[in-house]
file entry-v6.cif (mmCIF, C-alpha atoms)
data_protein
#
loop_
_atom_site.group_PDB
_atom_site.id
_atom_site.type_symbol
_atom_site.label_atom_id
_atom_site.label_comp_id
_atom_site.auth_asym_id
_atom_site.auth_seq_id
_atom_site.Cartn_x
_atom_site.Cartn_y
_atom_site.Cartn_z
ATOM 1 C CA MET S 1 -15.058 -32.496 27.464
ATOM 2 C CA LEU S 2 -18.081 -32.791 29.769
ATOM 3 C CA LYS S 3 -16.631 -30.018 31.880
ATOM 4 C CA TYR S 4 -16.719 -27.619 28.886
ATOM 5 C CA ILE S 5 -20.257 -28.650 27.962
ATOM 6 C CA GLY S 6 -21.348 -28.014 31.567
ATOM 7 C CA ILE S 7 -19.656 -24.605 31.601
ATOM 8 C CA GLY S 8 -21.242 -23.744 28.241
ATOM 9 C CA ALA S 9 -24.701 -24.778 29.488
ATOM 10 C CA ALA S 10 -24.259 -22.759 32.681
ATOM 11 C CA VAL S 11 -23.187 -19.691 30.693
ATOM 12 C CA LEU S 12 -26.175 -20.112 28.347
ATOM 13 C CA VAL S 13 -28.658 -20.492 31.219
ATOM 14 C CA GLY S 14 -27.047 -17.582 33.059
ATOM 15 C CA GLY S 15 -27.293 -15.451 29.915
ATOM 16 C CA VAL S 16 -30.994 -16.240 29.531
ATOM 17 C CA LEU S 17 -31.660 -15.414 33.203
ATOM 18 C CA ILE S 18 -29.759 -12.127 32.972
ATOM 19 C CA ALA S 19 -31.454 -11.172 29.692
ATOM 20 C CA ALA S 20 -34.860 -11.915 31.245
ATOM 21 C CA ALA S 21 -34.034 -9.800 34.299
ATOM 22 C CA MET S 22 -33.342 -6.844 32.006
ATOM 23 C CA ARG S 23 -36.745 -7.042 30.286
ATOM 24 C CA PRO S 24 -39.501 -4.528 31.149
ATOM 25 C CA ASP S 25 -41.739 -5.171 34.167
ATOM 26 C CA SER S 26 -44.885 -4.454 32.136
ATOM 27 C CA PHE S 27 -46.214 -4.929 28.624
ATOM 28 C CA ARG S 28 -48.687 -3.237 26.327
ATOM 29 C CA VAL S 29 -50.173 -4.666 23.142
ATOM 30 C CA GLN S 30 -52.273 -2.343 21.010
ATOM 31 C CA ARG S 31 -53.914 -2.422 17.602
ATOM 32 C CA SER S 32 -56.239 0.050 15.867
ATOM 33 C CA ALA S 33 -58.621 -0.086 12.931
ATOM 34 C CA GLU S 34 -60.851 2.406 11.164
ATOM 35 C CA ILE S 35 -64.469 1.375 10.910
ATOM 36 C CA LYS S 36 -66.941 3.168 8.658
ATOM 37 C CA ALA S 37 -69.607 3.487 11.335
ATOM 38 C CA ALA S 38 -70.478 6.003 14.016
ATOM 39 C CA PRO S 39 -69.074 5.389 17.510
ATOM 40 C CA GLU S 40 -72.663 5.060 18.755
ATOM 41 C CA LYS S 41 -73.105 1.990 16.485
ATOM 42 C CA ILE S 42 -69.819 0.371 17.522
ATOM 43 C CA PHE S 43 -69.947 1.039 21.277
ATOM 44 C CA PRO S 44 -72.794 -1.434 22.079
ATOM 45 C CA LEU S 45 -70.848 -4.187 20.285
ATOM 46 C CA ILE S 46 -68.091 -3.776 22.889
ATOM 47 C CA ASN S 47 -70.008 -2.621 25.977
ATOM 48 C CA ASP S 48 -72.321 -5.665 25.950
ATOM 49 C CA LEU S 49 -70.222 -8.806 26.559
ATOM 50 C CA ARG S 50 -72.760 -11.032 24.791
ATOM 51 C CA ARG S 51 -72.402 -8.909 21.654
ATOM 52 C CA PHE S 52 -68.649 -8.565 22.252
ATOM 53 C CA ASN S 53 -68.307 -12.343 22.130
ATOM 54 C CA THR S 54 -69.938 -12.499 18.680
ATOM 55 C CA TRP S 55 -66.761 -10.986 17.202
ATOM 56 C CA ASN S 56 -64.155 -11.694 19.912
ATOM 57 C CA PRO S 57 -61.507 -13.950 18.268
ATOM 58 C CA PHE S 58 -60.623 -15.639 21.571
ATOM 59 C CA GLU S 59 -64.217 -16.849 21.916
ATOM 60 C CA LYS S 60 -63.920 -18.671 18.565
ATOM 61 C CA LYS S 61 -60.779 -20.649 19.474
ATOM 62 C CA ASP S 62 -62.753 -23.433 21.178
ATOM 63 C CA PRO S 63 -66.102 -24.668 19.802
ATOM 64 C CA ASN S 64 -66.763 -26.368 23.178
ATOM 65 C CA LEU S 65 -66.051 -23.263 25.256
ATOM 66 C CA LYS S 66 -68.129 -22.989 28.420
ATOM 67 C CA GLY S 67 -69.074 -19.473 29.450
ATOM 68 C CA SER S 68 -71.457 -17.731 31.804
ATOM 69 C CA TYR S 69 -72.520 -14.104 32.135
ATOM 70 C CA THR S 70 -73.059 -12.392 35.475
ATOM 71 C CA GLY S 71 -73.603 -8.896 36.790
ATOM 72 C CA SER S 72 -75.022 -6.053 34.732
ATOM 73 C CA GLU S 73 -76.517 -6.646 31.295
ATOM 74 C CA ASN S 74 -73.907 -4.275 29.840
ATOM 75 C CA GLY S 75 -71.480 -1.615 30.952
ATOM 76 C CA LYS S 76 -69.855 -1.409 34.367
ATOM 77 C CA GLY S 77 -70.303 -4.615 36.340
ATOM 78 C CA ALA S 78 -70.994 -6.897 33.375
ATOM 79 C CA ALA S 79 -68.831 -10.009 33.630
ATOM 80 C CA TYR S 80 -68.120 -13.198 31.710
ATOM 81 C CA ALA S 81 -66.450 -16.343 33.062
ATOM 82 C CA PHE S 82 -65.007 -18.768 30.526
ATOM 83 C CA GLU S 83 -63.375 -22.168 30.480
ATOM 84 C CA GLY S 84 -61.985 -23.630 27.304
ATOM 85 C CA ASN S 85 -59.235 -25.659 25.735
ATOM 86 C CA ARG S 86 -55.530 -24.811 26.007
ATOM 87 C CA ASN S 87 -55.938 -22.120 23.318
ATOM 88 C CA VAL S 88 -58.484 -20.245 25.439
ATOM 89 C CA GLY S 89 -57.764 -21.160 29.031
ATOM 90 C CA LYS S 90 -59.881 -20.295 32.028
ATOM 91 C CA GLY S 91 -60.669 -16.894 33.455
ATOM 92 C CA THR S 92 -63.020 -13.945 33.666
ATOM 93 C CA ILE S 93 -63.443 -10.617 31.960
ATOM 94 C CA GLU S 94 -65.352 -7.785 33.602
ATOM 95 C CA ILE S 95 -66.241 -4.292 32.448
ATOM 96 C CA LEU S 96 -64.806 -1.883 34.998
ATOM 97 C CA ASP S 97 -65.912 1.346 33.364
ATOM 98 C CA SER S 98 -67.489 2.635 30.191
ATOM 99 C CA ALA S 99 -68.067 6.049 28.702
ATOM 100 C CA PRO S 100 -70.799 6.031 26.038
ATOM 101 C CA ALA S 101 -69.458 5.928 22.486
ATOM 102 C CA SER S 102 -65.864 6.589 23.562
ATOM 103 C CA LYS S 103 -64.271 4.037 25.919
ATOM 104 C CA VAL S 104 -64.724 0.654 27.605
ATOM 105 C CA THR S 105 -62.246 -0.571 30.233
ATOM 106 C CA MET S 106 -62.174 -4.235 31.224
ATOM 107 C CA ALA S 107 -60.250 -6.432 33.644
ATOM 108 C CA LEU S 108 -59.063 -9.776 32.285
ATOM 109 C CA HIS S 109 -58.225 -12.335 34.971
ATOM 110 C CA MET S 110 -56.632 -15.479 33.528
ATOM 111 C CA ARG S 111 -56.411 -18.513 35.816
ATOM 112 C CA GLU S 112 -55.294 -21.198 33.352
ATOM 113 C CA PRO S 113 -52.980 -22.029 31.664
ATOM 114 C CA PHE S 114 -51.265 -19.356 33.779
ATOM 115 C CA GLN S 115 -52.206 -16.677 36.305
ATOM 116 C CA ALA S 116 -52.397 -13.172 34.852
ATOM 117 C CA ASP S 117 -54.337 -9.985 35.516
ATOM 118 C CA HIS S 118 -54.515 -7.499 32.661
ATOM 119 C CA LYS S 119 -56.289 -4.250 31.887
ATOM 120 C CA VAL S 120 -58.045 -4.057 28.509
ATOM 121 C CA ASP S 121 -59.142 -0.785 26.915
ATOM 122 C CA PHE S 122 -61.252 -0.071 23.860
ATOM 123 C CA ILE S 123 -61.042 3.545 22.749
ATOM 124 C CA LEU S 124 -63.325 4.958 20.030
ATOM 125 C CA GLN S 125 -62.401 8.209 18.270
ATOM 126 C CA THR S 126 -64.246 9.831 15.383
ATOM 127 C CA LYS S 127 -62.059 10.224 12.277
ATOM 128 C CA GLY S 128 -64.137 11.981 9.624
ATOM 129 C CA ASP S 129 -66.859 9.571 8.487
ATOM 130 C CA ALA S 130 -65.223 6.663 10.312
ATOM 131 C CA THR S 131 -64.347 5.662 13.864
ATOM 132 C CA GLU S 132 -60.880 4.610 14.912
ATOM 133 C CA VAL S 133 -61.185 1.745 17.393
ATOM 134 C CA THR S 134 -58.121 0.955 19.479
ATOM 135 C CA TRP S 135 -57.904 -2.325 21.372
ATOM 136 C CA ALA S 136 -55.138 -2.315 23.994
ATOM 137 C CA MET S 137 -54.076 -4.678 26.755
ATOM 138 C CA GLN S 138 -51.487 -4.047 29.410
ATOM 139 C CA GLY S 139 -50.231 -5.720 32.532
ATOM 140 C CA ALA S 140 -47.342 -6.752 34.704
ATOM 141 C CA VAL S 141 -44.708 -9.197 33.517
ATOM 142 C CA PRO S 142 -43.441 -11.400 36.355
ATOM 143 C CA TYR S 143 -39.934 -12.818 36.083
ATOM 144 C CA PHE S 144 -41.012 -16.232 34.757
ATOM 145 C CA ALA S 145 -43.034 -14.531 32.001
ATOM 146 C CA LYS S 146 -39.986 -12.439 31.107
ATOM 147 C CA ILE S 147 -38.129 -15.667 30.356
ATOM 148 C CA ILE S 148 -40.999 -16.856 28.148
ATOM 149 C CA HIS S 149 -41.136 -13.470 26.375
ATOM 150 C CA LEU S 150 -37.522 -13.977 25.296
ATOM 151 C CA PHE S 151 -38.745 -16.795 23.075
ATOM 152 C CA ILE S 152 -42.353 -15.801 22.294
ATOM 153 C CA ASP S 153 -43.250 -12.415 20.826
ATOM 154 C CA MET S 154 -46.293 -11.418 22.898
ATOM 155 C CA ASP S 155 -46.965 -8.341 20.777
ATOM 156 C CA ARG S 156 -47.150 -10.372 17.594
ATOM 157 C CA MET S 157 -49.072 -13.273 19.129
ATOM 158 C CA VAL S 158 -51.771 -11.206 20.863
ATOM 159 C CA GLY S 159 -51.635 -8.389 18.296
ATOM 160 C CA THR S 160 -52.572 -10.817 15.530
ATOM 161 C CA GLU S 161 -55.670 -11.813 17.513
ATOM 162 C CA PHE S 162 -56.562 -8.151 18.109
ATOM 163 C CA GLU S 163 -56.258 -7.477 14.357
ATOM 164 C CA ALA S 164 -58.567 -10.407 13.577
ATOM 165 C CA GLY S 165 -61.063 -9.229 16.196
ATOM 166 C CA LEU S 166 -61.067 -5.660 14.907
ATOM 167 C CA ALA S 167 -61.632 -6.972 11.366
ATOM 168 C CA SER S 168 -64.647 -8.963 12.621
ATOM 169 C CA LEU S 169 -65.914 -5.920 14.520
ATOM 170 C CA ARG S 170 -65.563 -3.847 11.341
ATOM 171 C CA THR S 171 -67.580 -6.385 9.331
ATOM 172 C CA LEU S 172 -70.321 -6.496 11.953
ATOM 173 C CA ALA S 173 -70.491 -2.726 12.556
ATOM 174 C CA GLU S 174 -70.436 -1.789 8.863
ATOM 175 C CA LYS S 175 -73.101 -4.387 8.079
ATOM 176 C CA THR S 176 -75.477 -2.886 10.655
ATOM 177 C CA GLN S 177 -75.205 0.618 9.130
#
call {"tool": "encode", "arguments": {"input": "entry-v6.cif", "output": "structure tokens"}}
result
Amino acid sequence: MLKYIGIGAAVLVGGVLIAAAMRPDSFRVQRSAEIKAAPEKIFPLINDLRRFNTWNPFEKKDPNLKGSYTGSENGKGAAYAFEGNRNVGKGTIEILDSAPASKVTMALHMREPFQADHKVDFILQTKGDATEVTWAMQGAVPYFAKIIHLFIDMDRMVGTEFEAGLASLRTLAEKTQ
């Protein structure tokens, strides 16, 4: 009997390892929202990390979060280091590039609870009297993360946070009209 249980466990573990090996080597999570404000009104709320953190849902996950700003006041070179509870982790985010009223590209470097380096883009496009804001994150998926992604839907987990953040950005941007 134990022999069959051992064989079954080995087959199950082997199946998980094979399934993980077949997963993509990269991921992309993206959400968009229309905001009834000009791109010029929305852009500073993203391009300035202090203002970004007023609506960033990850910033609100830990009331005791410790953070520090370095580099430029806004735009390329602006950086923010954070250390929070297990819901936030520890890492840095830095603006790598920005194009006024159209795009901000950031680098997210997580150090805890796991090591990860991701690219984050905010793209603003005029849509009539509104602006479509797209928040996207992409990065590599190492083998261990592929195993985790078999059991945790990264798109849903992070996408839900992006949706909440875009809703907060909408509220803030439309209020300042």
call {"tool": "atom_distance", "arguments": {"input": "entry-v6.cif", "atom1": "CA of Lys119 (chain S)", "atom2": "CA of Phe162 (chain S)"}}
result
14.3 Å
call {"tool": "atom_distance", "arguments": {"input": "entry-v6.cif", "atom1": "CA of Ala99 (chain S)", "atom2": "CA of Ser72 (chain S)"}}
result
15.2 Å
call {"tool": "resolve_selection", "arguments": {"input": "entry-v6.cif", "expression": "the PyMOL selection byres ((chain S and resi 107-112) around 12)", "output": "short mmCIF file (atom, residue, chain, number, x, y, z; two decimals) with C-alpha atoms, keeping the file's coordinate frame"}}
result
data_model
loop_
_atom_site.label_atom_id
_atom_site.label_comp_id
_atom_site.auth_asym_id
_atom_site.auth_seq_id
_atom_site.Cartn_x
_atom_site.Cartn_y
_atom_site.Cartn_z
CA LYS S 76 -69.86 -1.41 34.37
CA GLY S 77 -70.30 -4.62 36.34
CA ALA S 78 -70.99 -6.90 33.38
CA ALA S 79 -68.83 -10.01 33.63
CA TYR S 80 -68.12 -13.20 31.71
CA ALA S 81 -66.45 -16.34 33.06
CA PHE S 82 -65.01 -18.77 30.53
CA GLU S 83 -63.38 -22.17 30.48
CA GLY S 84 -61.98 -23.63 27.30
CA ASN S 85 -59.24 -25.66 25.74
CA ARG S 86 -55.53 -24.81 26.01
CA ASN S 87 -55.94 -22.12 23.32
CA VAL S 88 -58.48 -20.24 25.44
CA GLY S 89 -57.76 -21.16 29.03
CA LYS S 90 -59.88 -20.30 32.03
CA GLY S 91 -60.67 -16.89 33.46
CA THR S 92 -63.02 -13.94 33.67
CA ILE S 93 -63.44 -10.62 31.96
CA GLU S 94 -65.35 -7.78 33.60
CA ILE S 95 -66.24 -4.29 32.45
CA LEU S 96 -64.81 -1.88 35.00
CA ASP S 97 -65.91 1.35 33.36
CA VAL S 104 -64.72 0.65 27.60
CA THR S 105 -62.25 -0.57 30.23
CA MET S 106 -62.17 -4.24 31.22
CA PRO S 113 -52.98 -22.03 31.66
CA PHE S 114 -51.26 -19.36 33.78
CA GLN S 115 -52.21 -16.68 36.30
CA ALA S 116 -52.40 -13.17 34.85
CA ASP S 117 -54.34 -9.98 35.52
CA HIS S 118 -54.52 -7.50 32.66
CA LYS S 119 -56.29 -4.25 31.89
CA VAL S 120 -58.04 -4.06 28.51
CA ASP S 121 -59.14 -0.78 26.92
CA PHE S 122 -61.25 -0.07 23.86
CA ALA S 136 -55.14 -2.32 23.99
CA MET S 137 -54.08 -4.68 26.76
CA GLN S 138 -51.49 -4.05 29.41
CA GLY S 139 -50.23 -5.72 32.53
#
call {"tool": "residues_around", "arguments": {"input": "entry-v6.cif", "residues": "Ala101 (chain S)", "least_positions_apart": "3", "cutoff": "6 Å", "atoms": "only C-alpha atoms", "output": "PyMOL selection string"}}
result
chain S and resi 39-40+43
call {"tool": "write_last_selection", "arguments": {"input": "entry-v6.cif", "atoms": "C-alpha atoms", "output": "short mmCIF file (atom, residue, chain, number, x, y, z; two decimals), keeping the file's coordinate frame"}}
result
data_model
loop_
_atom_site.label_atom_id
_atom_site.label_comp_id
_atom_site.auth_asym_id
_atom_site.auth_seq_id
_atom_site.Cartn_x
_atom_site.Cartn_y
_atom_site.Cartn_z
CA PRO S 39 -69.07 5.39 17.51
CA GLU S 40 -72.66 5.06 18.76
CA PHE S 43 -69.95 1.04 21.28
#
call {"tool": "residues_around", "arguments": {"input": "entry-v6.cif", "residues": "Ser168 (chain S)", "least_positions_apart": "2", "cutoff": "9 Å", "atoms": "only C-alpha atoms", "output": "number ranges by chain"}}
result
S: 54-57, 163-166, 170-173
call {"tool": "axis_aligned_box", "arguments": {"input": "entry-v6.cif", "around": "region 90-97 of chain S", "padding_each_side": "8 Å", "output": "AutoDock Vina command-line options"}}
result
--center_x -63.1 --center_y -9.5 --center_z 33.5 --size_x 22.4 --size_y 37.6 --size_z 19.0
call {"tool": "closest_residue", "arguments": {"input": "entry-v6.cif", "among": "S:Ala38, S:Phe27, S:Arg51, S:Arg156", "to": "Glu73 (chain S)", "atoms": "all atoms listed in the file"}}
result
S:Arg51
call {"tool": "resolve_selection", "arguments": {"input": "entry-v6.cif", "expression": "the PyMOL selection byres ((chain S and resi 47) around 7)", "output": "ChimeraX atom specification"}}
result
/S:43-46,48-49,74-75,104
